[in-house]
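Structure below is query.txt: compact mmCIF, C-alpha atoms.
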```
# COMPACT_ATOMS: atom_id res chain seq x y z
CA MET A 1 87.74 94.92 104.57
CA SER A 2 89.02 98.45 105.08
CA LEU A 3 87.77 101.07 107.49
CA PHE A 4 88.04 103.63 104.68
CA PRO A 5 86.49 104.09 101.23
CA ALA A 6 88.39 102.41 98.39
CA GLU A 7 89.60 105.73 96.96
CA ILE A 8 91.25 106.70 100.26
CA GLU A 9 92.72 103.23 100.73
CA LYS A 10 94.23 103.40 97.23
CA LEU A 11 95.75 106.84 97.87
CA ALA A 12 97.13 105.73 101.24
CA ALA A 13 98.76 102.71 99.56
CA GLN A 14 100.31 105.00 96.95
CA VAL A 15 101.70 107.25 99.70
CA ILE A 16 103.16 104.31 101.62
CA GLN A 17 104.74 102.89 98.46
CA ALA A 18 106.18 106.24 97.31
CA TYR A 19 107.57 107.06 100.75
CA SER A 20 108.96 103.54 101.32
CA ILE A 21 110.91 103.62 98.05
CA ARG A 22 112.47 106.97 99.01
CA ASN A 23 113.03 106.15 102.71
CA PHE A 24 110.81 109.08 103.70
CA THR A 25 108.90 109.26 106.97
CA ILE A 26 105.63 110.96 107.85
CA SER A 27 104.13 112.64 110.88
CA THR A 28 100.61 114.05 110.98
CA ALA A 29 99.14 116.95 112.94
CA GLU A 30 95.37 116.59 112.95
CA SER A 31 92.57 118.65 114.38
CA CYS A 32 89.25 118.18 112.56
CA THR A 33 90.20 114.69 111.30
CA GLY A 34 91.04 113.44 114.79
CA GLY A 35 93.65 110.92 113.63
CA LEU A 36 91.92 109.68 110.48
CA ILE A 37 94.91 110.53 108.24
CA SER A 38 97.18 108.40 110.43
CA GLY A 39 94.47 105.76 110.51
CA ALA A 40 94.24 105.64 106.71
CA LEU A 41 98.02 105.37 106.37
CA THR A 42 98.37 102.66 109.01
CA GLU A 43 95.59 100.65 107.37
CA ILE A 44 98.23 99.78 104.74
CA ALA A 45 100.64 96.88 105.29
CA GLY A 46 104.21 98.15 105.47
CA SER A 47 103.19 101.52 106.90
CA SER A 48 105.41 101.02 109.95
CA GLN A 49 108.42 101.83 107.74
CA VAL A 50 106.91 105.22 106.87
CA VAL A 51 104.52 106.47 109.57
CA ASP A 52 106.36 107.72 112.63
CA ARG A 53 103.66 109.43 114.67
CA GLY A 54 100.47 111.41 114.67
CA PHE A 55 99.57 114.39 116.80
CA VAL A 56 95.84 114.76 117.44
CA THR A 57 95.60 118.37 118.55
CA TYR A 58 91.91 119.05 118.74
CA SER A 59 92.12 121.79 121.36
CA ASN A 60 94.04 125.05 121.12
CA GLN A 61 95.98 124.02 124.24
CA ALA A 62 97.11 120.81 122.51
CA LYS A 63 98.18 122.78 119.42
CA MET A 64 100.29 125.05 121.62
CA THR A 65 101.73 122.36 123.89
CA LEU A 66 102.46 119.62 121.36
CA LEU A 67 103.17 121.60 118.17
CA ASP A 68 104.36 125.01 119.42
CA VAL A 69 101.49 126.90 117.76
CA LYS A 70 101.69 130.42 119.18
CA LEU A 71 98.88 131.80 121.31
CA ASP A 72 99.15 135.01 119.29
CA THR A 73 98.49 133.06 116.07
CA LEU A 74 95.39 131.43 117.54
CA THR A 75 94.16 134.74 118.97
CA ARG A 76 94.74 136.78 115.81
CA HIS A 77 93.81 134.24 113.13
CA GLY A 78 91.86 131.49 114.91
CA ALA A 79 92.42 127.76 115.05
CA VAL A 80 91.01 127.36 111.54
CA SER A 81 93.45 129.44 109.51
CA ARG A 82 96.35 129.17 107.11
CA GLU A 83 98.64 130.55 109.81
CA THR A 84 97.66 127.86 112.32
CA ALA A 85 98.03 125.06 109.75
CA VAL A 86 101.51 126.35 108.86
CA GLU A 87 102.60 126.38 112.50
CA MET A 88 101.07 122.94 113.06
CA VAL A 89 102.98 121.36 110.16
CA SER A 90 106.29 122.95 111.12
CA GLY A 91 105.76 121.88 114.72
CA ALA A 92 105.09 118.30 113.63
CA LEU A 93 108.31 118.26 111.59
CA LEU A 94 110.34 119.74 114.42
CA LYS A 95 108.93 117.55 117.19
CA SER A 96 109.02 114.29 115.20
CA GLY A 97 112.16 114.60 113.10
CA THR A 98 110.32 113.02 110.16
CA THR A 99 111.15 113.94 106.59
CA HIS A 100 107.56 115.02 105.85
CA ALA A 101 104.48 116.17 107.73
CA VAL A 102 100.90 117.11 106.99
CA ALA A 103 98.60 119.22 109.16
CA VAL A 104 94.87 119.88 109.00
CA THR A 105 92.55 122.20 110.87
CA GLY A 106 88.95 122.91 109.95
CA ILE A 107 85.27 123.02 110.72
CA ALA A 108 83.60 119.66 110.17
CA GLY A 109 80.23 120.70 111.55
CA PRO A 110 77.41 120.40 111.96
CA GLY A 111 77.86 123.54 114.09
CA GLY A 112 80.77 125.88 114.65
CA GLY A 113 80.67 127.67 111.32
CA SER A 114 80.23 131.37 110.63
CA ALA A 115 79.88 133.60 107.58
CA GLU A 116 83.66 134.10 107.54
CA LYS A 117 84.51 130.49 108.36
CA PRO A 118 81.68 128.23 107.21
CA VAL A 119 81.24 124.55 107.94
CA GLY A 120 83.43 122.69 105.46
CA LEU A 121 86.35 125.15 105.59
CA VAL A 122 89.62 123.29 106.10
CA HIS A 123 93.22 124.50 105.94
CA LEU A 124 95.82 121.88 105.08
CA ALA A 125 99.60 122.25 105.05
CA ALA A 126 102.25 119.74 104.01
CA GLN A 127 105.97 120.25 104.32
CA SER A 128 109.23 118.38 103.87
CA GLN A 129 112.48 118.83 105.77
CA ASP A 130 114.10 120.08 102.55
CA GLY A 131 111.75 123.08 102.57
CA ARG A 132 109.05 122.05 100.08
CA PHE A 133 105.72 123.41 101.27
CA LEU A 134 102.09 123.17 100.18
CA HIS A 135 98.98 124.85 101.53
CA ARG A 136 95.40 124.34 100.48
CA GLU A 137 92.31 126.14 101.66
CA MET A 138 89.42 123.82 100.97
CA ARG A 139 85.78 124.79 101.10
CA TYR A 140 84.06 121.44 100.88
CA GLY A 141 80.67 122.86 101.79
CA ASP A 142 78.27 121.50 104.37
CA LEU A 143 78.52 117.86 103.21
CA GLY A 144 78.04 116.47 106.70
CA ARG A 145 80.69 115.80 109.33
CA THR A 146 81.82 112.40 108.04
CA ASP A 147 82.12 113.45 104.41
CA ILE A 148 84.05 116.63 105.29
CA ARG A 149 86.49 114.61 107.38
CA LEU A 150 86.94 111.96 104.67
CA ALA A 151 87.38 114.65 101.99
CA THR A 152 90.08 116.19 104.17
CA VAL A 153 91.89 112.84 104.51
CA LYS A 154 91.82 112.46 100.72
CA THR A 155 93.24 115.95 100.15
CA ALA A 156 95.96 115.40 102.78
CA LEU A 157 97.05 112.14 101.13
CA GLU A 158 97.12 113.85 97.73
CA MET A 159 99.34 116.57 99.18
CA LEU A 160 101.73 114.02 100.67
CA LEU A 161 101.97 112.37 97.26
CA GLN A 162 102.57 115.74 95.60
CA LEU A 163 105.61 116.28 97.85
CA THR A 164 107.24 113.18 96.29
CA GLU A 165 107.01 114.49 92.71
```
Give the structure from this file in structure tokens form.
Amino acid sequence: MSLFPAEIEKLAAQVIQAYSIRNFTISTAESCTGGLISGALTEIAGSSQVVDRGFVTYSNQAKMTLLDVKLDTLTRHGAVSRETAVEMVSGALLKSGTTHAVAVTGIAGPGGGSAEKPVGLVHLAAQSQDGRFLHREMRYGDLGRTDIRLATVKTALEMLLQLTE
């Protein structure tokens, strides 16, 4: 029995297989998912060959201290922004030395949203050491905290797979 829905478990298995074959490694930088991406990946047997580490950087201080997100970025753009996700993913790559990283920051709700940044807004970034980069701004809507977080995990896994194509 898995902790995750079958669709996420299947995607995580595909990521682990694709990365194992290529000798790639992964680090995660997670805010709104609180470690769920790492959790989904490590649910898969053989993940220890691929998953190096996960940074759970829920607070702005953690983003700055662990991932080198700039205070100016957080002040000017906010924690939930493309700019912050970009700095989170590059910080994860730099600090971990992995070949690939994925970062997520968003508003899972039920509170915390605004007209500009509604509940369900998530910025995701994935990057490889060879310079390949992806960003997605997702607006999942107010699906409820759990469903927003699981939708974010699914999107992050899809992005990691896309970096292997």
### Task
Considering only C-alpha atoms, state which residue in the set A:Val153, A:Val15, A:Leu163, A:Val102 is at the smallest distance from Asp130 in chain A.
A:Leu163
### Ser2 in chain A environment, 12 Å, all atoms listed in the file, sequence neighbours closer than 2 positions dropped, as a count of residues only
16
### Query
By how many Å are CA of Val51 in chain A and CA of Thr155 in chain A apart?
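Result for CA of Val51 in chain A versus CA of Thr155 in chain A: 17.5 Å, one decimal.
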### Task
Work out how far apart CA of Gly54 in chain A and CA of Gly111 in chain A are and give it in Å to one decimal.
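Pair CA of Gly54 in chain A / CA of Gly111 in chain A returns 25.7 Å.
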### Query
Could you work out how far CA of Leu93 in chain A lies from CA of Thr105 in chain A, giving the answer in Å with one decimal?
16.3 Å
#### Entry: Shell of 7 Å around Ala103 in chain A, only C-alpha atoms, local chain residues under 4 positions omitted, as a list in words
Thr28, Ala29, Glu30, Ala85, Met88, Val89, Leu124, Ala125 and Ala126 of chain A
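Look at range 63-72 of chain A: the protein and nucleic acid residues within 10 Å of it, using all atoms listed in the file and passing over chain neighbours fewer than 4 places away, are Ala29, Glu30, Ser31, Phe55, Val56, Thr57, Tyr58, Ser59, Arg76, His77, Gly78, Ala79, Glu83, Thr84, Ala85, Val86, Glu87, Met88, Val89, Ser90, Gly91, Ala92, Leu93, Leu94, Lys95 and Ser96 of chain A.
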